[in-house]
>>> print(open('structure_4.cif').read())   # mmCIF, C-alpha atoms
data_upload
loop_
_atom_site.label_atom_id
_atom_site.label_comp_id
_atom_site.auth_asym_id
_atom_site.auth_seq_id
_atom_site.Cartn_x
_atom_site.Cartn_y
_atom_site.Cartn_z
CA MET A 1 21.27 -1.13 -76.93
CA THR A 2 21.33 -4.83 -77.81
CA ARG A 3 19.25 -6.28 -80.66
CA LYS A 4 20.24 -9.94 -80.98
CA SER A 5 17.48 -12.50 -80.37
CA GLY A 6 17.69 -16.04 -79.09
CA THR A 7 14.99 -18.67 -79.26
CA SER A 8 12.84 -20.44 -76.70
CA SER A 9 15.31 -23.35 -76.66
CA ALA A 10 18.53 -21.31 -77.08
CA ARG A 11 18.30 -18.08 -75.12
CA ILE A 12 20.97 -15.38 -75.25
CA ARG A 13 22.40 -14.69 -71.80
CA PHE A 14 24.28 -11.66 -70.51
CA VAL A 15 25.62 -12.70 -67.09
CA SER A 16 27.88 -10.97 -64.57
CA ASP A 17 30.38 -13.59 -63.34
CA VAL A 18 30.14 -12.02 -59.88
CA LYS A 19 26.68 -10.91 -58.85
CA TRP A 20 26.59 -7.11 -59.09
CA GLY A 21 30.30 -7.14 -59.96
CA ALA A 22 29.70 -5.91 -63.50
CA LYS A 23 28.81 -2.28 -62.77
CA ILE A 24 27.39 0.09 -65.36
CA VAL A 25 27.49 3.76 -64.41
CA VAL A 26 25.38 5.81 -66.78
CA SER A 27 25.81 9.50 -67.47
CA GLY A 28 23.36 11.78 -69.20
CA THR A 29 19.61 11.41 -69.06
CA GLY A 30 18.88 8.39 -71.25
CA ILE A 31 18.37 4.62 -71.11
CA THR A 32 21.20 2.50 -69.73
CA TRP A 33 20.37 -0.82 -71.45
CA ASP A 34 17.64 -1.18 -74.07
CA SER A 35 17.23 -4.90 -74.82
CA ARG A 36 15.34 -5.15 -78.13
CA GLY A 37 15.91 -8.82 -78.90
CA ASN A 38 13.62 -11.67 -77.89
CA TYR A 39 14.49 -14.57 -75.56
CA VAL A 40 17.28 -12.71 -73.75
CA ASP A 41 18.43 -12.96 -70.11
CA ILE A 42 20.18 -10.12 -68.24
CA ASP A 43 21.49 -11.50 -64.97
CA GLY A 44 23.46 -10.05 -62.06
CA PHE A 45 24.39 -6.53 -63.22
CA GLN A 46 24.64 -3.36 -61.15
CA ILE A 47 23.35 -0.15 -62.72
CA THR A 48 23.53 3.35 -61.27
CA GLY A 49 24.13 6.95 -62.35
CA SER A 50 22.27 9.96 -63.65
CA GLY A 51 20.07 8.32 -66.29
CA ARG A 52 16.30 7.96 -66.57
CA HIS A 53 16.04 4.20 -67.13
CA GLY A 54 18.06 1.20 -66.02
CA LEU A 55 16.85 -1.85 -67.98
CA LEU A 56 14.30 -1.47 -70.77
CA ALA A 57 12.63 -4.61 -72.13
CA SER A 58 11.69 -3.61 -75.67
CA GLY A 59 11.75 -7.24 -76.82
CA ALA A 60 9.61 -10.17 -75.74
CA TYR A 61 10.19 -13.19 -73.51
CA LEU A 62 13.05 -11.51 -71.66
CA THR A 63 14.28 -12.31 -68.16
CA PHE A 64 15.79 -9.65 -65.89
CA LYS A 65 17.00 -11.28 -62.69
CA ASN A 66 19.45 -10.74 -59.82
CA ASN A 67 20.21 -7.16 -60.87
CA TYR A 68 20.86 -4.22 -58.56
CA ILE A 69 19.56 -0.94 -59.97
CA HIS A 70 20.00 1.94 -57.61
CA ASP A 71 20.44 5.68 -57.17
CA LEU A 72 19.28 6.71 -60.62
CA THR A 73 19.14 10.45 -60.06
CA VAL A 74 17.04 11.22 -63.16
CA SER A 75 19.15 14.30 -63.73
CA GLY A 76 16.86 15.56 -66.51
CA GLY A 77 14.21 16.28 -63.91
CA CYS A 78 10.55 15.38 -63.67
CA ASN A 79 9.13 15.54 -67.19
CA GLY A 80 7.22 13.53 -69.77
CA SER A 81 10.23 11.31 -70.52
CA GLY A 82 9.59 9.55 -67.24
CA GLY A 83 12.01 7.21 -65.54
CA ALA A 84 12.22 3.67 -64.18
CA ALA A 85 14.72 1.12 -62.91
CA ILE A 86 13.11 -1.65 -65.00
CA ASP A 87 10.62 -0.97 -67.78
CA THR A 88 8.69 -3.27 -70.13
CA TYR A 89 7.70 -1.70 -73.43
CA GLY A 90 6.36 -2.77 -76.81
CA PRO A 91 3.52 -4.85 -78.21
CA VAL A 92 4.31 -8.27 -76.73
CA GLY A 93 5.58 -8.40 -73.12
CA ASN A 94 5.96 -11.84 -71.48
CA VAL A 95 8.90 -10.57 -69.43
CA LEU A 96 10.04 -12.17 -66.14
CA ILE A 97 11.40 -9.69 -63.57
CA ASP A 98 12.76 -11.71 -60.65
CA ARG A 99 15.03 -11.25 -57.61
CA ASN A 100 16.16 -7.71 -58.40
CA VAL A 101 16.94 -4.96 -55.90
CA VAL A 102 15.58 -1.57 -56.96
CA ARG A 103 16.54 1.29 -54.69
CA ASN A 104 16.38 5.09 -54.79
CA ILE A 105 14.98 5.85 -58.23
CA GLY A 106 14.43 9.60 -58.44
CA TYR A 107 14.53 9.59 -54.65
CA ARG A 108 14.59 13.38 -54.32
CA TYR A 109 11.23 13.51 -56.12
CA ILE A 110 9.29 11.18 -53.80
CA GLY A 111 5.74 12.50 -53.69
CA ALA A 112 6.54 15.23 -56.24
CA CYS A 113 6.90 13.39 -59.59
CA ASN A 114 4.41 10.85 -60.93
CA THR A 115 6.45 9.77 -63.96
CA ILE A 116 9.33 7.99 -62.17
CA GLN A 117 8.73 4.33 -61.26
CA GLY A 118 10.66 1.40 -59.83
CA ILE A 119 9.38 -1.54 -61.92
CA TYR A 120 7.17 -0.19 -64.71
CA ILE A 121 4.90 -2.58 -66.64
CA ALA A 122 3.56 -1.14 -69.89
CA ASN A 123 2.33 -4.24 -71.76
CA ALA A 124 0.75 -7.64 -71.20
CA ASN A 125 1.54 -10.95 -69.51
CA ASN A 126 4.53 -9.97 -67.39
CA VAL A 127 5.65 -11.70 -64.18
CA VAL A 128 7.18 -9.73 -61.29
CA THR A 129 8.45 -11.88 -58.39
CA ASN A 130 10.84 -11.74 -55.43
CA ASN A 131 11.94 -8.13 -55.96
CA ILE A 132 12.89 -5.68 -53.20
CA VAL A 133 11.88 -2.15 -54.22
CA SER A 134 12.26 1.07 -52.22
CA GLY A 135 12.82 4.80 -52.42
CA VAL A 136 10.96 5.40 -55.69
CA ALA A 137 9.45 8.79 -56.57
CA MET A 138 6.05 7.40 -57.61
CA ALA A 139 5.31 3.66 -57.42
CA GLY A 140 7.55 0.79 -56.46
CA ILE A 141 5.72 -1.48 -58.93
CA GLN A 142 3.35 0.08 -61.47
CA GLN A 143 1.27 -0.83 -64.51
CA TRP A 144 0.27 1.74 -67.14
CA HIS A 145 -0.29 2.20 -70.87
CA GLY A 146 -1.55 -1.16 -72.24
CA ALA A 147 -0.55 -3.26 -69.25
CA THR A 148 -2.82 -6.19 -68.43
CA ALA A 149 -2.68 -9.77 -67.14
CA SER A 150 0.24 -9.12 -64.78
CA THR A 151 1.41 -11.56 -62.10
CA ILE A 152 2.92 -9.62 -59.17
CA VAL A 153 3.81 -12.06 -56.40
CA ASN A 154 6.14 -12.23 -53.37
CA ASN A 155 7.70 -8.80 -53.68
CA THR A 156 8.66 -6.37 -50.91
CA SER A 157 7.88 -2.72 -51.73
CA PHE A 158 8.46 0.03 -49.17
CA HIS A 159 9.13 3.74 -48.65
CA ASN A 160 7.85 4.88 -52.04
CA LYS A 161 4.98 7.25 -52.76
CA ILE A 162 2.90 4.16 -53.70
CA GLY A 163 3.73 0.52 -53.11
CA ILE A 164 1.86 -1.17 -56.01
CA LEU A 165 -0.28 0.56 -58.66
CA LEU A 166 -2.45 -1.20 -61.26
CA GLY A 167 -4.08 0.58 -64.18
CA GLN A 168 -4.07 1.63 -67.82
CA GLY A 169 -3.68 5.11 -69.27
CA ASP A 170 -2.28 7.25 -72.08
CA ALA A 171 -0.98 5.59 -75.28
CA GLY A 172 -1.65 1.87 -75.40
CA THR A 173 -4.80 1.93 -73.33
CA THR A 174 -7.32 -0.65 -74.53
CA THR A 175 -10.29 -2.05 -72.61
CA GLY A 176 -8.81 -1.61 -69.15
CA SER A 177 -6.27 -3.59 -67.17
CA ALA A 178 -7.77 -7.00 -66.40
CA ASN A 179 -6.90 -10.50 -65.22
CA ASN A 180 -4.16 -9.31 -62.87
CA TYR A 181 -3.00 -11.36 -59.91
CA VAL A 182 -1.29 -9.62 -56.97
CA ALA A 183 -0.39 -11.92 -54.10
CA ASN A 184 1.98 -12.55 -51.19
CA ASN A 185 3.54 -9.06 -51.33
CA ILE A 186 4.75 -6.99 -48.38
CA VAL A 187 3.78 -3.37 -49.01
CA TYR A 188 4.97 -1.16 -46.17
CA ASP A 189 5.65 2.47 -45.25
CA ASN A 190 4.52 4.05 -48.52
CA ARG A 191 3.65 7.71 -48.34
CA ALA A 192 0.34 7.93 -50.22
CA TYR A 193 -1.03 4.42 -50.91
CA GLY A 194 -0.14 0.83 -50.30
CA VAL A 195 -2.05 -0.78 -53.20
CA ILE A 196 -4.18 1.27 -55.59
CA GLU A 197 -6.02 1.00 -58.90
CA MET A 198 -5.95 4.07 -61.15
CA GLY A 199 -6.88 4.89 -64.72
CA LYS A 200 -8.83 2.37 -66.77
CA MET A 201 -9.52 -1.01 -65.17
CA GLY A 202 -11.19 -4.15 -66.48
CA GLY A 203 -12.39 -7.19 -64.57
CA ASN A 204 -11.02 -10.25 -62.78
CA ASN A 205 -8.34 -8.47 -60.77
CA ARG A 206 -7.42 -10.44 -57.66
CA TYR A 207 -5.42 -9.48 -54.58
CA ALA A 208 -4.59 -12.43 -52.33
CA ASN A 209 -2.72 -12.67 -49.03
CA ASN A 210 -0.83 -9.37 -49.20
CA LEU A 211 0.56 -7.65 -46.12
CA VAL A 212 -0.17 -3.92 -46.46
CA ALA A 213 0.66 -1.67 -43.50
CA ARG A 214 1.84 1.77 -42.39
CA SER A 215 0.96 3.55 -45.61
CA GLY A 216 -1.08 6.73 -46.06
CA THR A 217 -4.06 4.70 -47.34
CA SER A 218 -3.53 0.95 -47.41
CA TRP A 219 -6.02 -0.03 -50.14
CA LYS A 220 -7.93 1.72 -52.91
CA VAL A 221 -9.06 -1.02 -55.29
CA LYS A 222 -12.28 -2.43 -56.75
CA GLY A 223 -10.81 -5.86 -57.42
CA TYR A 224 -11.33 -8.93 -55.25
CA VAL A 225 -9.27 -8.80 -52.03
CA THR A 226 -8.79 -11.90 -49.85
CA GLY A 227 -6.52 -12.80 -46.96
CA SER A 228 -5.14 -9.30 -46.45
CA ILE A 229 -2.82 -8.70 -43.46
CA SER A 230 -2.52 -5.26 -41.87
CA SER A 231 0.18 -5.90 -39.24
CA ASP A 232 3.79 -4.77 -39.06
CA PRO A 233 5.85 -7.40 -40.96
CA LEU A 234 8.58 -7.36 -38.26
CA PHE A 235 11.59 -6.99 -40.52
CA ARG A 236 14.89 -7.93 -38.87
CA ASN A 237 16.22 -4.42 -39.42
CA TYR A 238 13.87 -2.02 -41.15
CA LEU A 239 15.67 0.98 -42.63
CA ALA A 240 13.68 3.23 -44.95
CA ASN A 241 16.78 3.98 -47.05
CA GLY A 242 16.91 0.42 -48.39
CA THR A 243 20.09 -0.70 -46.63
CA GLY A 244 18.38 -2.77 -43.93
CA ASP A 245 17.64 -6.46 -43.54
CA TYR A 246 14.20 -7.23 -44.97
CA ARG A 247 14.01 -10.81 -43.82
CA VAL A 248 11.52 -11.24 -40.98
CA TYR A 249 11.63 -12.46 -37.39
CA SER A 250 10.11 -15.80 -36.39
CA SER A 251 7.10 -13.97 -34.91
CA SER A 252 6.27 -12.19 -38.17
CA PRO A 253 2.65 -12.35 -39.40
CA ALA A 254 4.08 -12.88 -42.91
CA ILE A 255 5.24 -16.43 -42.15
CA ASP A 256 3.08 -19.23 -43.60
CA ARG A 257 0.40 -16.68 -44.59
CA GLY A 258 0.87 -16.71 -48.36
CA THR A 259 -0.90 -18.65 -51.07
CA SER A 260 0.80 -21.22 -53.28
CA ALA A 261 -1.10 -20.06 -56.38
CA LYS A 262 1.47 -18.67 -58.86
CA ALA A 263 4.08 -18.38 -56.09
CA PRO A 264 7.71 -18.69 -57.23
CA THR A 265 9.42 -21.93 -56.23
CA ILE A 266 12.39 -20.08 -54.70
CA ASP A 267 12.74 -16.79 -52.81
CA PHE A 268 15.00 -13.76 -53.25
CA ALA A 269 17.94 -15.64 -51.73
CA GLY A 270 17.35 -18.84 -53.71
CA VAL A 271 15.72 -20.69 -50.80
CA ALA A 272 13.02 -23.19 -51.82
CA ARG A 273 9.39 -22.23 -51.23
CA PRO A 274 7.61 -23.24 -49.07
CA ARG A 275 9.97 -24.05 -46.23
CA GLY A 276 7.29 -24.23 -43.53
CA ALA A 277 3.61 -25.07 -43.53
CA ALA A 278 2.87 -22.64 -46.35
CA VAL A 279 4.45 -20.00 -48.57
CA ASP A 280 5.54 -16.86 -46.71
CA VAL A 281 4.59 -13.32 -47.69
CA GLY A 282 7.30 -11.05 -49.08
CA ALA A 283 10.52 -11.56 -51.03
CA TYR A 284 12.09 -13.87 -48.43
CA GLU A 285 11.02 -17.29 -47.17
CA TYR A 286 11.72 -17.62 -43.44
#
>>> encode(input="structure_4.cif", output="structure tokens")
Amino acid sequence: MTRKSGTSSARIRFVSDVKWGAKIVVSGTGITWDSRGNYVDIDGFQITGSGRHGLLASGAYLTFKNNYIHDLTVSGGCNGSGGAAIDTYGPVGNVLIDRNVVRNIGYRYIGACNTIQGIYIANANNVVTNNIVSGVAMAGIQQWHGATASTIVNNTSFHNKIGILLGQGDAGTTTGSANNYVANNIVYDNRAYGVIEMGKMGGNNRYANNLVARSGTSWKVKGYVTGSISSDPLFRNYLANGTGDYRVYSSSPAIDRGTSAKAPTIDFAGVARPRGAAVDVGAYEY
């Protein structure tokens, strides 16, 4: 647990000198890193082991980027304590979750445990961009509790029970999750649903230019859907276990099919967006 806070002009930064070189292997069934301060960056760490949670954002205005959180076995089993690779929690939010790889979180429970998530958003005004998420027991990217006003753009989420889930429920539920923007995501090969709304929903939820394919049910939402693509994304080397190459071929329907609204200015690899006629869909810019 870390408690120290920075300020908007002088952030505190925890940085691995070599990306993923600083490796934290957690034992037990708890939280690996609970960041309770405000204005803190956690950048480039690798987290794995038997725990329930990788990074927990208990503070506000945090940035989690370039981290690799994988093979959390959730050794305590499927119970009310839940589990997640990255989790936002508390009354404020305003967390940026960018360019992380999340892989195999409670993998043995895929389809059999609804309390284990990849990226779990439990409060307001969070931004989730350029992440590659796979092998998660429940949802690759999920809202719940008092989550609202999320921006979920240019992620790649595959081989989970659910690709992206929006909703409110349980403690923290208010008037329903509203004013969410979900765009330019590749959601592929998810067992039950591609994109779904569950629990309590409010209004003004928009889904723009997402590629959703090869999932049990691609869409189950009441929000406003535009520009949806239902074709195979044509990954360079699709492997369901997360070890493939999730860039796309030149013939991919994801190229130049995204929207520039709220799109990140760089992709997962640090390449500037857009590089062609328009922003591409997914975590990588071709």
>>> closest_residue(input="structure_4.cif", among="A:Asn190, A:Asn100, A:Ser81, A:Asn131", to="Thr115 in chain A", atoms="all atoms listed in the file")
A:Ser81
>>> closest_residue(input="structure_4.cif", among="A:Gly76, A:Gly82, A:Gly54, A:Gly203", to="Tyr224 in chain A", atoms="only C-alpha atoms")
A:Gly203
>>> resolve_selection(input="structure_4.cif", expression="the PyMOL selection byres ((chain A and resi 60-67) around 10)", output="PyMOL selection string")
chain A and resi 5-8+11-16+19-20+22+35-47+55-59+68-70+86+88-102+125-131+268-269
>>> atom_distance(input="structure_4.cif", atom1="CA of Asn154 in chain A", atom2="CA of Leu72 in chain A")
24.2 Å
>>> atom_distance(input="structure_4.cif", atom1="CA of Asn185 in chain A", atom2="CA of Tyr107 in chain A")
21.9 Å
>>> closest_residue(input="structure_4.cif", among="A:Ile132, A:Val182, A:Ile152, A:Ile141", to="Arg103 in chain A", atoms="only C-alpha atoms")
A:Ile132
>>> resolve_selection(input="structure_4.cif", expression="the PyMOL selection byres ((chain A and resi 230-244) around 6)", output="ChimeraX atom specification")
/A:159,211-213,229,245-249,252
>>> write_last_selection(input="structure_4.cif", atoms="C-alpha atoms", output="compact mmCIF listing (two decimals), in the coordinates of the input")
# COMPACT_ATOMS: atom_id res chain seq x y z
CA HIS A 159 9.13 3.74 -48.65
CA LEU A 211 0.56 -7.65 -46.12
CA VAL A 212 -0.17 -3.92 -46.46
CA ALA A 213 0.66 -1.67 -43.50
CA ILE A 229 -2.82 -8.70 -43.46
CA ASP A 245 17.64 -6.46 -43.54
CA TYR A 246 14.20 -7.23 -44.97
CA ARG A 247 14.01 -10.81 -43.82
CA VAL A 248 11.52 -11.24 -40.98
CA TYR A 249 11.63 -12.46 -37.39
CA SER A 252 6.27 -12.19 -38.17
>>> residues_around(input="structure_4.cif", residues="range 215-223 of chain A", least_positions_apart="5", cutoff="8 Å", atoms="only C-alpha atoms", output="tab-separated table (two decimals) with C-alpha atoms, in the frame of the given file")
chain	number	residue	atom	x	y	z
A	188	TYR	CA	4.97	-1.16	-46.17
A	189	ASP	CA	5.65	2.47	-45.25
A	190	ASN	CA	4.52	4.05	-48.52
A	191	ARG	CA	3.65	7.71	-48.34
A	192	ALA	CA	0.34	7.93	-50.22
A	193	TYR	CA	-1.03	4.42	-50.91
A	194	GLY	CA	-0.14	0.83	-50.30
A	195	VAL	CA	-2.05	-0.78	-53.20
A	196	ILE	CA	-4.18	1.27	-55.59
A	197	GLU	CA	-6.02	1.00	-58.90
A	203	GLY	CA	-12.39	-7.19	-64.57
A	204	ASN	CA	-11.02	-10.25	-62.78
A	205	ASN	CA	-8.34	-8.47	-60.77
A	206	ARG	CA	-7.42	-10.44	-57.66
A	207	TYR	CA	-5.42	-9.48	-54.58
>>> residues_around(input="structure_4.cif", residues="Ile31 in chain A", least_positions_apart="4", cutoff="7 Å", atoms="all atoms listed in the file", output="VMD selection string")
chain A and resid 51 to 54
>>> write_last_selection(input="structure_4.cif", atoms="C-alpha atoms", output="PDB file, in the frame of the given file")
ATOM      1  CA  GLY A  51      20.070   8.320 -66.290  1.00  0.00           C
ATOM      2  CA  ARG A  52      16.300   7.960 -66.570  1.00  0.00           C
ATOM      3  CA  HIS A  53      16.040   4.200 -67.130  1.00  0.00           C
ATOM      4  CA  GLY A  54      18.060   1.200 -66.020  1.00  0.00           C
TER       5      GLY A  54
END
>>> resolve_selection(input="structure_4.cif", expression="the PyMOL selection byres ((chain A and resi 77) around 10)", output="PyMOL selection string")
chain A and resi 29+52+73-76+78-83+106+109+113+116
>>> atom_distance(input="structure_4.cif", atom1="CA of Leu165 in chain A", atom2="CA of Lys262 in chain A")
19.3 Å
>>> residues_around(input="structure_4.cif", residues="Asp267 in chain A", least_positions_apart="4", cutoff="8 Å", atoms="all atoms listed in the file", output="list in words")
Arg99, Asn130, Val271, Ala272, Arg273, Ala283, Tyr284 and Glu285 of chain A
>>> closest_residue(input="structure_4.cif", among="A:Ser9, A:Thr265, A:Asn160, A:Thr226", to="Arg214 in chain A", atoms="all atoms listed in the file")
A:Asn160
>>> decode(input="structure_4.cif", residues="range 187-198 of chain A", atoms="all heavy atoms", output="mmCIF file, in the first residue's frame")
data_model
loop_
_atom_site.group_PDB
_atom_site.id
_atom_site.type_symbol
_atom_site.label_atom_id
_atom_site.label_comp_id
_atom_site.auth_asym_id
_atom_site.auth_seq_id
_atom_site.Cartn_x
_atom_site.Cartn_y
_atom_site.Cartn_z
ATOM 1 N N VAL A 187 -13.600 -6.088 -29.987
ATOM 2 C CA VAL A 187 -14.158 -7.011 -28.997
ATOM 3 C C VAL A 187 -14.420 -8.321 -29.731
ATOM 4 O O VAL A 187 -15.309 -8.400 -30.584
ATOM 5 C CB VAL A 187 -15.446 -6.426 -28.386
ATOM 6 C CG1 VAL A 187 -16.009 -7.366 -27.325
ATOM 7 C CG2 VAL A 187 -15.178 -5.046 -27.792
ATOM 8 N N TYR A 188 -13.660 -9.366 -29.400
ATOM 9 C CA TYR A 188 -13.592 -10.536 -30.272
ATOM 10 C C TYR A 188 -13.508 -11.818 -29.444
ATOM 11 O O TYR A 188 -12.828 -11.864 -28.414
ATOM 12 C CB TYR A 188 -12.353 -10.397 -31.162
ATOM 13 C CG TYR A 188 -12.170 -11.483 -32.197
ATOM 14 C CD1 TYR A 188 -12.993 -11.545 -33.324
ATOM 15 C CD2 TYR A 188 -11.166 -12.427 -32.062
ATOM 16 C CE1 TYR A 188 -12.819 -12.531 -34.282
ATOM 17 C CE2 TYR A 188 -10.982 -13.418 -33.020
ATOM 18 C CZ TYR A 188 -11.812 -13.471 -34.134
ATOM 19 O OH TYR A 188 -11.643 -14.440 -35.080
ATOM 20 N N ASP A 189 -14.214 -12.848 -29.896
ATOM 21 C CA ASP A 189 -14.076 -14.195 -29.347
ATOM 22 C C ASP A 189 -14.344 -14.220 -27.837
ATOM 23 O O ASP A 189 -13.569 -14.789 -27.068
ATOM 24 C CB ASP A 189 -12.678 -14.755 -29.668
ATOM 25 C CG ASP A 189 -12.511 -16.217 -29.262
ATOM 26 O OD1 ASP A 189 -13.532 -16.933 -29.184
ATOM 27 O OD2 ASP A 189 -11.359 -16.630 -29.006
ATOM 28 N N ASN A 190 -15.429 -13.594 -27.423
ATOM 29 C CA ASN A 190 -15.840 -13.651 -26.023
ATOM 30 C C ASN A 190 -17.008 -14.626 -25.879
ATOM 31 O O ASN A 190 -17.922 -14.639 -26.703
ATOM 32 C CB ASN A 190 -16.215 -12.250 -25.538
ATOM 33 C CG ASN A 190 -14.997 -11.342 -25.512
ATOM 34 O OD1 ASN A 190 -14.153 -11.416 -24.639
ATOM 35 N ND2 ASN A 190 -14.893 -10.476 -26.529
ATOM 36 N N ARG A 191 -16.971 -15.424 -24.834
ATOM 37 C CA ARG A 191 -17.845 -16.584 -24.758
ATOM 38 C C ARG A 191 -19.331 -16.228 -24.716
ATOM 39 O O ARG A 191 -20.127 -16.809 -25.453
ATOM 40 C CB ARG A 191 -17.483 -17.424 -23.529
ATOM 41 C CG ARG A 191 -18.314 -18.682 -23.386
ATOM 42 C CD ARG A 191 -17.851 -19.535 -22.234
ATOM 43 N NE ARG A 191 -16.493 -20.040 -22.448
ATOM 44 C CZ ARG A 191 -15.874 -20.868 -21.611
ATOM 45 N NH1 ARG A 191 -16.478 -21.255 -20.512
ATOM 46 N NH2 ARG A 191 -14.646 -21.272 -21.872
ATOM 47 N N ALA A 192 -19.733 -15.294 -23.867
ATOM 48 C CA ALA A 192 -21.155 -15.009 -23.692
ATOM 49 C C ALA A 192 -21.613 -13.785 -24.477
ATOM 50 O O ALA A 192 -22.567 -13.849 -25.246
ATOM 51 C CB ALA A 192 -21.468 -14.831 -22.204
ATOM 52 N N TYR A 193 -20.946 -12.637 -24.265
ATOM 53 C CA TYR A 193 -21.336 -11.382 -24.908
ATOM 54 C C TYR A 193 -20.111 -10.605 -25.365
ATOM 55 O O TYR A 193 -19.061 -10.655 -24.714
ATOM 56 C CB TYR A 193 -22.137 -10.497 -23.946
ATOM 57 C CG TYR A 193 -23.485 -11.058 -23.566
ATOM 58 C CD1 TYR A 193 -23.644 -11.788 -22.387
ATOM 59 C CD2 TYR A 193 -24.600 -10.865 -24.379
ATOM 60 C CE1 TYR A 193 -24.881 -12.309 -22.036
ATOM 61 C CE2 TYR A 193 -25.843 -11.379 -24.038
ATOM 62 C CZ TYR A 193 -25.973 -12.105 -22.858
ATOM 63 O OH TYR A 193 -27.197 -12.619 -22.520
ATOM 64 N N GLY A 194 -20.302 -9.860 -26.441
ATOM 65 C CA GLY A 194 -19.293 -8.895 -26.834
ATOM 66 C C GLY A 194 -19.399 -7.651 -25.976
ATOM 67 O O GLY A 194 -18.550 -7.383 -25.131
ATOM 68 N N VAL A 195 -20.483 -6.875 -26.167
ATOM 69 C CA VAL A 195 -20.740 -5.654 -25.394
ATOM 70 C C VAL A 195 -22.144 -5.763 -24.811
ATOM 71 O O VAL A 195 -23.107 -6.031 -25.544
ATOM 72 C CB VAL A 195 -20.623 -4.392 -26.265
ATOM 73 C CG1 VAL A 195 -20.831 -3.139 -25.416
ATOM 74 C CG2 VAL A 195 -19.257 -4.338 -26.957
ATOM 75 N N ILE A 196 -22.272 -5.510 -23.500
ATOM 76 C CA ILE A 196 -23.563 -5.676 -22.839
ATOM 77 C C ILE A 196 -23.755 -4.605 -21.779
ATOM 78 O O ILE A 196 -22.790 -4.150 -21.147
ATOM 79 C CB ILE A 196 -23.670 -7.087 -22.202
ATOM 80 C CG1 ILE A 196 -25.066 -7.324 -21.608
ATOM 81 C CG2 ILE A 196 -22.580 -7.329 -21.182
ATOM 82 C CD1 ILE A 196 -25.293 -8.751 -21.124
ATOM 83 N N GLU A 197 -25.006 -4.192 -21.587
ATOM 84 C CA GLU A 197 -25.404 -3.374 -20.442
ATOM 85 C C GLU A 197 -26.140 -4.268 -19.453
ATOM 86 O O GLU A 197 -27.008 -5.056 -19.841
ATOM 87 C CB GLU A 197 -26.326 -2.233 -20.871
ATOM 88 C CG GLU A 197 -25.657 -1.205 -21.768
ATOM 89 C CD GLU A 197 -26.624 -0.160 -22.293
ATOM 90 O OE1 GLU A 197 -27.856 -0.308 -22.075
ATOM 91 O OE2 GLU A 197 -26.145 0.796 -22.934
ATOM 92 N N MET A 198 -25.802 -4.113 -18.164
ATOM 93 C CA MET A 198 -26.465 -4.883 -17.109
ATOM 94 C C MET A 198 -26.720 -3.959 -15.928
ATOM 95 O O MET A 198 -26.156 -2.872 -15.827
ATOM 96 C CB MET A 198 -25.597 -6.069 -16.671
ATOM 97 C CG MET A 198 -25.341 -7.101 -17.747
ATOM 98 S SD MET A 198 -24.280 -8.467 -17.201
ATOM 99 C CE MET A 198 -25.364 -9.287 -16.029
#
